[in-house]
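Colleague: Okay, handing you the structure first.
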Amino acid sequence: MSALVIAAAGPGITLQDGGRHGYLRYGFTAAGPMDPLMHATANRAAGNPLDAAAIEISTGGVTLAVEGEALGLALASTGFRIALDGEPLPPAVALTLEPGRSLVVRAGDTGSWGYLAVQGRLDLPPVLGSLATHTRSGVGGLHGRGLAAGVRIPVADGRPGERAPHRLVAPWLDRAPDTVRVVLGPQDDYFAPDQIAAFLAGPWTVSPRGDRMACFLDGTPLKHARGHDIVSDGVAMGAVQVPGNGLPIVLMADRQSTGGYPKIATVIGPDLGRVAQVRGGARIAFRAVSVAEAVTARRAEAEFLRGPVPREPVVRTDFASDFLLSLNLIGGVTDGQPLEHAHR
Amino acid sequence: MSVPRLLDAGEAALVVEFGTTVDPALSDRVLALDEALAADPPQGLRERVPTYRSLMLHYDPLVLDRARLADHVLRLTGSAAERTGTATLWTLPCCYDAPHGEDVAELAGRAGLSPEAVVALHAGATYRVYMYGFAPGFAYLGGLPKGLAVPRRARPRPPHPRNAVVVGGGLAAVATVPMPTGWYVVGATPSRLYAPERAESFFVAAGDAIRFEPVDAATFDALAAREASGEPVARQGRTA
């Protein structure tokens with residue numbers, strides 16, 4: 001059986017499938033991808049079920065190799081820097097990784113998460129029917145932890161892809177990060193109309209201390225109309241809770257299943273990835289939409305993933321010279337060959 | 001009986017809110033709807049999350065229209081106001097002694113009681129399981145004697161052990177997965193409310209009742225070994 005081998009990994013790299021569903025009533029959050037659309041796109045491009053397990057790559061970056069037979073891979077990101085034995089590739093790409101070669105994924109200027117799907121099935125024991133990693137409860141993936149150097153992930157039914165790398169043409173991943181659509185509520189009545197307007201207008205600065213659990217926003221604190229404690233109720237992914245300090249927190253994939261702060265609004269499903277991908281220091285604002293508008297956006301998103309992800313051969317002029325230079329500066333990544341010859 | 005409020009939590013979750021307080025009567029209405037939806041689920045309903053005073057319904061809006069879900073819920077709340085299932089009374093062994101009852105002395109100081117009185121009060125009560133939340137298998141229990149109602153710590157203590165029995169903020173809980181906590185650890189149960197590898201990973205349901213039966217540390221160890229071998233140590237009875 002082939003296997004993926006992690007040669008190096010930064011913090012925050014985990015296995016995620018579509019999520020561990022059905023256990024919210026027992027306090028167990030689904031986990032699953034931070035950017036569901038990008039995760040599903042990688043799986044679609046690899047020919048897998050949309051909710052198959054894939055590697056979620058943080059800005060910490062990862063270096064991978066394969067053991068056994070060559071494996072087809074699909075990598076979806078916006079702005080990540082990817083190199084195969086030093087040869088730069090586009091940020092969304094399908095390729096075949098042969099034994100002895102090295103695939104390096106590093107953060108670029110934009111984007112917080114990328115997804116790497118394997119043509120085949122990550123052959124690990126599921127917990128409660130899922131491989132989604134929830135590190136806070138030590139469950140899923142490989143021993144409930146993030147992936148680290150030396151980890152070996154067996155791949156069942158592995159198959160190679162096309163010999164030459166192909167760029168994935170997935171324009172739906174290029175989402176403007178500045179405005180995020182929300183449905184107001186469920187506790188918007190804990191805020192006066194002027195505070196709801198202030199929440200939407202922002203702009204909010206995304207704090208760098210976010211993780212898979214939450215995205216913290218800095219700005220002018222919101223005022224509660226009737227206190228900031230509620231008796232705990234359910235929390236959806238994308239819920240924007242406003243604790244006592246008035247600074248909103250968007251609750252993400254590893255959130256708790258219930259919570260005791262008023263939730264002024266909820267980010268719509270199609271915009272969860274937009275929030276997930278924003279880097280610390282960036283600014284965002286919100287726009288209120290109706291449930292019907294949100295469903296229309298969801299339907300449009302499902303349409304993107306209905307057919308195969310279009311792809312085109314990688315062309316050498318894709319890369320700016322500063323990018324090529326940066327790969328050389330990382331050290332140990334390029335093999336020093338002239339780049340004209342690198343694309344074999 | 002009042003009609004519940006329907007609050008959207010985005011386009012894929014609907015909160016059916018029966019009230020805003022901790023109240024067994026509200027909890028009964030939540031659980032009655034939960035049972036009715038389990039028996040008659042509309043296609044596209046994915047998960048039901050009962051809380052103290054509301055039921056959150058996660059649904060696939062491409063399969064189940066919001067208006068149709070709302071109609072279905074309101075129809076069921078009209079006809080299914082009473083719970084039909086029988087709640088189970090669980091007796092969980094609990095060791096309040098060292099090394100398990102890490103915070104008994106501290107809580108006793110806060111509550112103005114002796115450590116013995118803390119244990120007697122805690123073990124003398126029958127608790128209602130209102131809901132799970134916070135972490136896998138973390139069960140929020142109502143029915144804590146007033147004498148033990150102290151605020152939670154301002155600053156969390158280091159992670160509690162597995163299956164800690166905790167109190168704080170006027171509530172009790174069983175805390176399965178070690179985490180830093182603002183609650184006080186009064187003991188530990190050898191019973192595992194959450195065991196992912198077990199066929200029935202969670203056996204206590206919202207609406208059930210729990211009593212804690214004091215055991216010494218040696219008995220705790222023996223029971224923990226039985227539990228680890230796959231023999232459940234929680235005892236089951238029926239409650240009204």
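Following the order of the structure tokens, first chain is A, next is B, and so on, with residues numbered from 1 inside each chain and ligands from 1 in the order they appear.
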Determine, counting only C-alpha atoms, which protein, DNA and RNA residues have an atom within 9 Å of an atom of Thr110 in chain A; residues of the same chain fewer than 5 positions away are not included. Present the result as a PDB file with C-alpha atoms, in the first residue's frame.
Modeller:
```
ATOM      1  CA  THR A  78      -5.218  30.779  -3.045  1.00  0.00           C
ATOM      2  CA  GLY A  79      -1.813  32.328  -2.729  1.00  0.00           C
ATOM      3  CA  PHE A  80       0.090  29.432  -1.173  1.00  0.00           C
ATOM      4  CA  GLN A 277      -9.006  32.648   4.817  1.00  0.00           C
ATOM      5  CA  VAL A 278      -8.592  36.198   6.154  1.00  0.00           C
ATOM      6  CA  ARG A 279      -5.158  36.768   7.679  1.00  0.00           C
TER       7      ARG A 279
END
```
Colleague: Write down as a count of residues only the residues belonging to range 36-277 of chain A that are assigned strand (DSSP E or B) by DSSP computed on the backbone.
Modeller: 82
Colleague: What residues in range 59-219 of chain A get the DSSP label helix (DSSP H, G or I)? Please answer as JSON, numbers by chain.
Modeller: {"A": [135, 136, 137, 171, 172, 173, 188, 189, 190, 193, 194, 195, 196, 197, 198, 199, 200, 201]}
Colleague: Generate the output file for the selected residues, N, CA and C atoms, as a PDB file, in the first residue's frame.
Modeller:
```pdb
ATOM      1  N   THR A 135      -8.440  18.603  17.825  1.00  0.00           N
ATOM      2  CA  THR A 135      -7.278  18.453  18.701  1.00  0.00           C
ATOM      3  C   THR A 135      -7.642  18.735  20.163  1.00  0.00           C
ATOM      4  N   ARG A 136      -8.616  19.620  20.413  1.00  0.00           N
ATOM      5  CA  ARG A 136      -8.948  19.951  21.803  1.00  0.00           C
ATOM      6  C   ARG A 136      -9.474  18.751  22.567  1.00  0.00           C
ATOM      7  N   SER A 137     -10.166  17.853  21.876  1.00  0.00           N
ATOM      8  CA  SER A 137     -10.603  16.640  22.577  1.00  0.00           C
ATOM      9  C   SER A 137      -9.760  15.434  22.175  1.00  0.00           C
ATOM     10  N   PRO A 171     -12.190  29.459 -10.302  1.00  0.00           N
ATOM     11  CA  PRO A 171     -12.271  30.897  -9.972  1.00  0.00           C
ATOM     12  C   PRO A 171     -13.144  31.178  -8.752  1.00  0.00           C
ATOM     13  N   TRP A 172     -14.009  30.197  -8.375  1.00  0.00           N
ATOM     14  CA  TRP A 172     -14.861  30.421  -7.204  1.00  0.00           C
ATOM     15  C   TRP A 172     -14.063  30.470  -5.905  1.00  0.00           C
ATOM     16  N   LEU A 173     -12.797  30.061  -5.979  1.00  0.00           N
ATOM     17  CA  LEU A 173     -11.975  30.157  -4.768  1.00  0.00           C
ATOM     18  C   LEU A 173     -11.407  31.560  -4.563  1.00  0.00           C
ATOM     19  N   ASP A 188     -30.054  38.889  17.819  1.00  0.00           N
ATOM     20  CA  ASP A 188     -29.868  40.295  17.418  1.00  0.00           C
ATOM     21  C   ASP A 188     -30.736  41.218  18.273  1.00  0.00           C
ATOM     22  N   ASP A 189     -31.762  40.671  18.930  1.00  0.00           N
ATOM     23  CA  ASP A 189     -32.601  41.528  19.785  1.00  0.00           C
ATOM     24  C   ASP A 189     -31.909  41.872  21.109  1.00  0.00           C
ATOM     25  N   TYR A 190     -30.684  41.407  21.319  1.00  0.00           N
ATOM     26  CA  TYR A 190     -29.898  41.844  22.476  1.00  0.00           C
ATOM     27  C   TYR A 190     -29.106  43.115  22.158  1.00  0.00           C
ATOM     28  N   PRO A 193     -30.691  48.954  17.393  1.00  0.00           N
ATOM     29  CA  PRO A 193     -30.459  49.076  15.939  1.00  0.00           C
ATOM     30  C   PRO A 193     -29.140  49.765  15.588  1.00  0.00           C
ATOM     31  N   ASP A 194     -28.749  50.797  16.341  1.00  0.00           N
ATOM     32  CA  ASP A 194     -27.496  51.483  15.993  1.00  0.00           C
ATOM     33  C   ASP A 194     -26.286  50.569  16.215  1.00  0.00           C
ATOM     34  N   GLN A 195     -26.403  49.644  17.155  1.00  0.00           N
ATOM     35  CA  GLN A 195     -25.288  48.726  17.400  1.00  0.00           C
ATOM     36  C   GLN A 195     -25.219  47.646  16.318  1.00  0.00           C
ATOM     37  N   ILE A 196     -26.369  47.262  15.804  1.00  0.00           N
ATOM     38  CA  ILE A 196     -26.378  46.316  14.686  1.00  0.00           C
ATOM     39  C   ILE A 196     -25.757  46.982  13.454  1.00  0.00           C
ATOM     40  N   ALA A 197     -26.112  48.254  13.240  1.00  0.00           N
ATOM     41  CA  ALA A 197     -25.521  48.995  12.114  1.00  0.00           C
ATOM     42  C   ALA A 197     -24.009  49.102  12.288  1.00  0.00           C
ATOM     43  N   ALA A 198     -23.571  49.370  13.518  1.00  0.00           N
ATOM     44  CA  ALA A 198     -22.129  49.491  13.786  1.00  0.00           C
ATOM     45  C   ALA A 198     -21.426  48.151  13.567  1.00  0.00           C
ATOM     46  N   PHE A 199     -22.102  47.065  13.944  1.00  0.00           N
ATOM     47  CA  PHE A 199     -21.521  45.735  13.723  1.00  0.00           C
ATOM     48  C   PHE A 199     -21.319  45.490  12.234  1.00  0.00           C
ATOM     49  N   LEU A 200     -22.345  45.795  11.434  1.00  0.00           N
ATOM     50  CA  LEU A 200     -22.249  45.502   9.998  1.00  0.00           C
ATOM     51  C   LEU A 200     -21.178  46.361   9.333  1.00  0.00           C
ATOM     52  N   ALA A 201     -21.159  47.645   9.681  1.00  0.00           N
ATOM     53  CA  ALA A 201     -20.260  48.573   8.992  1.00  0.00           C
ATOM     54  C   ALA A 201     -18.799  48.332   9.349  1.00  0.00           C
TER      55      ALA A 201
END
```
Colleague: Chain B near chain A within 6 Å: what's each residue's closest atom pair and its distance in Å to one decimal, counting only C-alpha atoms, ordered by chain then ascending residue number, as CSV?
Modeller:
```
residue,atom,partner,partner_atom,distance
B:Leu7,CA,A:Pro186,CA,5.1
B:Asp8,CA,A:Pro186,CA,5.5
B:Ala9,CA,A:Pro186,CA,5.2
B:Gly10,CA,A:Thr266,CA,5.0
B:Glu11,CA,A:Val291,CA,5.1
B:Glu47,CA,A:Gly22,CA,5.8
B:Val49,CA,A:Arg25,CA,4.5
B:Thr51,CA,A:Asp233,CA,5.4
B:Met56,CA,A:Gly234,CA,5.6
B:Tyr132,CA,A:Gly27,CA,4.8
B:Gly133,CA,A:Gly27,CA,4.0
B:Phe134,CA,A:Gln256,CA,5.1
B:Ala135,CA,A:Gly27,CA,5.1
B:Pro136,CA,A:Phe28,CA,4.4
B:Gly137,CA,A:Tyr26,CA,5.5
```
Colleague: Excluding same-chain residues fewer than 5 positions from Leu141 in chain B, what lies within 6 Å of it counting only C-alpha atoms, as JSON, numbers by chain?
Modeller: {"B": [127, 128, 129, 130, 172, 173]}
Colleague: Between A:Val169, A:Leu15, A:Ala214, A:Ala3, single out the one closest to Gln119 in chain A, counting only C-alpha atoms.
Modeller: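 Result for the nearest residue to Gln119 in chain A: A:Ala3.
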Colleague: Extract, using only C-alpha atoms, all DNA, RNA and protein residues at most 12 Å from range 39-43 of chain B, discarding same-chain residues fewer than 2 positions from it, and format them as a PyMOL selection string.
Modeller: chain B and resi 32-37+45-48+57-73+75-76+80+84-85
Colleague: Hey, which of B:Val119, B:Leu89, B:Val22, B:Leu74 ends up closest to Arg5 in chain B? Count only C-alpha atoms.
Modeller: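 Nearest to Arg5 in chain B: B:Leu74.
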Colleague: Fewer than 4 positions away in the same chain doesn't count, so skip those; otherwise give me all residues within 10 Å of Thr86 in chain B, counting only C-alpha atoms, as a list of chain:residue names.
Modeller: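 The contact residues come out as B:Gly207, B:Asp208, B:Arg238, B:Thr239, B:Ala240.
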Colleague: Store the residues of this selection in a file with N, CA and C atoms, as a PDB file, in the first residue's frame.
Modeller:
```pdb
ATOM      1  N   GLY B 207     -32.449  14.958  29.870  1.00  0.00           N
ATOM      2  CA  GLY B 207     -33.718  14.604  30.494  1.00  0.00           C
ATOM      3  C   GLY B 207     -33.576  13.498  31.529  1.00  0.00           C
ATOM      4  N   ASP B 208     -32.480  12.733  31.465  1.00  0.00           N
ATOM      5  CA  ASP B 208     -32.227  11.698  32.464  1.00  0.00           C
ATOM      6  C   ASP B 208     -31.874  12.345  33.809  1.00  0.00           C
ATOM      7  N   ARG B 238     -35.360   3.396  36.734  1.00  0.00           N
ATOM      8  CA  ARG B 238     -36.362   4.225  36.058  1.00  0.00           C
ATOM      9  C   ARG B 238     -36.768   5.376  36.960  1.00  0.00           C
ATOM     10  N   THR B 239     -37.122   6.466  36.357  1.00  0.00           N
ATOM     11  CA  THR B 239     -37.606   7.597  37.127  1.00  0.00           C
ATOM     12  C   THR B 239     -38.866   8.118  36.469  1.00  0.00           C
ATOM     13  N   ALA B 240     -39.694   8.784  37.238  1.00  0.00           N
ATOM     14  CA  ALA B 240     -40.972   9.272  36.697  1.00  0.00           C
ATOM     15  C   ALA B 240     -40.725  10.369  35.679  1.00  0.00           C
TER      16      ALA B 240
END
```
Colleague: Find the spatial neighbours of Ala149 in chain A, counting only C-alpha atoms, within a cut-off of 10 Å - ignore same-chain residues fewer than 5 positions away - and output them as a list in words.
Modeller: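 Answer for this query is Val5, Ile6, Ala7, Ala8, Ala9, Gly10, Val62, Thr63 and Leu64 of chain A.
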Colleague: May I have the residues from that selection written out with N, CA and C atoms, as an mmCIF file, in the first residue's frame?
Modeller:
```cif
data_model
loop_
_atom_site.group_PDB
_atom_site.id
_atom_site.type_symbol
_atom_site.label_atom_id
_atom_site.label_comp_id
_atom_site.auth_asym_id
_atom_site.auth_seq_id
_atom_site.Cartn_x
_atom_site.Cartn_y
_atom_site.Cartn_z
ATOM 1 N N VAL A 5 4.022 10.590 3.317
ATOM 2 C CA VAL A 5 4.929 10.766 4.442
ATOM 3 C C VAL A 5 5.161 12.262 4.654
ATOM 4 N N ILE A 6 4.958 12.683 5.886
ATOM 5 C CA ILE A 6 5.176 14.098 6.213
ATOM 6 C C ILE A 6 6.656 14.269 6.555
ATOM 7 N N ALA A 7 7.358 15.043 5.723
ATOM 8 C CA ALA A 7 8.786 15.265 5.962
ATOM 9 C C ALA A 7 9.001 16.450 6.906
ATOM 10 N N ALA A 8 8.127 17.426 6.832
ATOM 11 C CA ALA A 8 8.204 18.585 7.725
ATOM 12 C C ALA A 8 6.812 19.189 7.794
ATOM 13 N N ALA A 9 6.460 19.716 8.962
ATOM 14 C CA ALA A 9 5.135 20.329 9.095
ATOM 15 C C ALA A 9 5.176 21.433 10.129
ATOM 16 N N GLY A 10 4.552 22.542 9.812
ATOM 17 C CA GLY A 10 4.360 23.603 10.790
ATOM 18 C C GLY A 10 3.197 23.244 11.691
ATOM 19 N N VAL A 62 3.916 22.646 4.859
ATOM 20 C CA VAL A 62 4.166 21.217 4.987
ATOM 21 C C VAL A 62 5.055 20.757 3.833
ATOM 22 N N THR A 63 5.862 19.731 4.089
ATOM 23 C CA THR A 63 6.663 19.088 3.046
ATOM 24 C C THR A 63 6.314 17.605 3.038
ATOM 25 N N LEU A 64 5.985 17.091 1.854
ATOM 26 C CA LEU A 64 5.465 15.727 1.747
ATOM 27 C C LEU A 64 6.250 14.906 0.747
#
```
Colleague: What's around Pro36 in chain A at 8 Å? Count only C-alpha atoms, leave out sequence neighbours fewer than 4 positions away in its own chain, and write the answer as a ChimeraX atom specification.
Modeller: /A:18,32,40,272-273
Colleague: Those same residues - N, CA and C atoms - I'd like them written as a PDB file, in the first residue's frame.
Modeller:
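Output contents, as saved in out_25.pdb:
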```pdb
ATOM      1  N   GLY A  18     -15.423  15.798   5.867  1.00  0.00           N
ATOM      2  CA  GLY A  18     -16.551  16.728   5.904  1.00  0.00           C
ATOM      3  C   GLY A  18     -17.082  17.009   7.304  1.00  0.00           C
ATOM      4  N   GLY A  32     -14.123  19.305  11.026  1.00  0.00           N
ATOM      5  CA  GLY A  32     -14.244  19.457   9.580  1.00  0.00           C
ATOM      6  C   GLY A  32     -13.485  20.678   9.096  1.00  0.00           C
ATOM      7  N   ALA A  40     -13.813  20.895  -0.422  1.00  0.00           N
ATOM      8  CA  ALA A  40     -14.609  20.111  -1.369  1.00  0.00           C
ATOM      9  C   ALA A  40     -14.022  20.219  -2.780  1.00  0.00           C
ATOM     10  N   LEU A 272     -18.270  31.158   4.919  1.00  0.00           N
ATOM     11  CA  LEU A 272     -17.425  30.679   6.023  1.00  0.00           C
ATOM     12  C   LEU A 272     -15.964  30.654   5.602  1.00  0.00           C
ATOM     13  N   GLY A 273     -15.720  30.198   4.366  1.00  0.00           N
ATOM     14  CA  GLY A 273     -14.347  30.138   3.868  1.00  0.00           C
ATOM     15  C   GLY A 273     -13.713  31.519   3.759  1.00  0.00           C
TER      16      GLY A 273
END
```
Colleague: Could you tell me how far CA of Tyr184 in chain B sits from CA of Val166 in chain B, in Å to one decimal place?
Modeller: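 For CA of Val166 in chain B relative to CA of Tyr184 in chain B, the distance reads 5.3 Å.
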Colleague: How far is it from CA of Gly219 in chain A to CA of Ser207 in chain A, in Å with one decimal?
Modeller: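 Spanning CA of Gly219 in chain A to CA of Ser207 in chain A is a straight-line distance of 9.9 Å.
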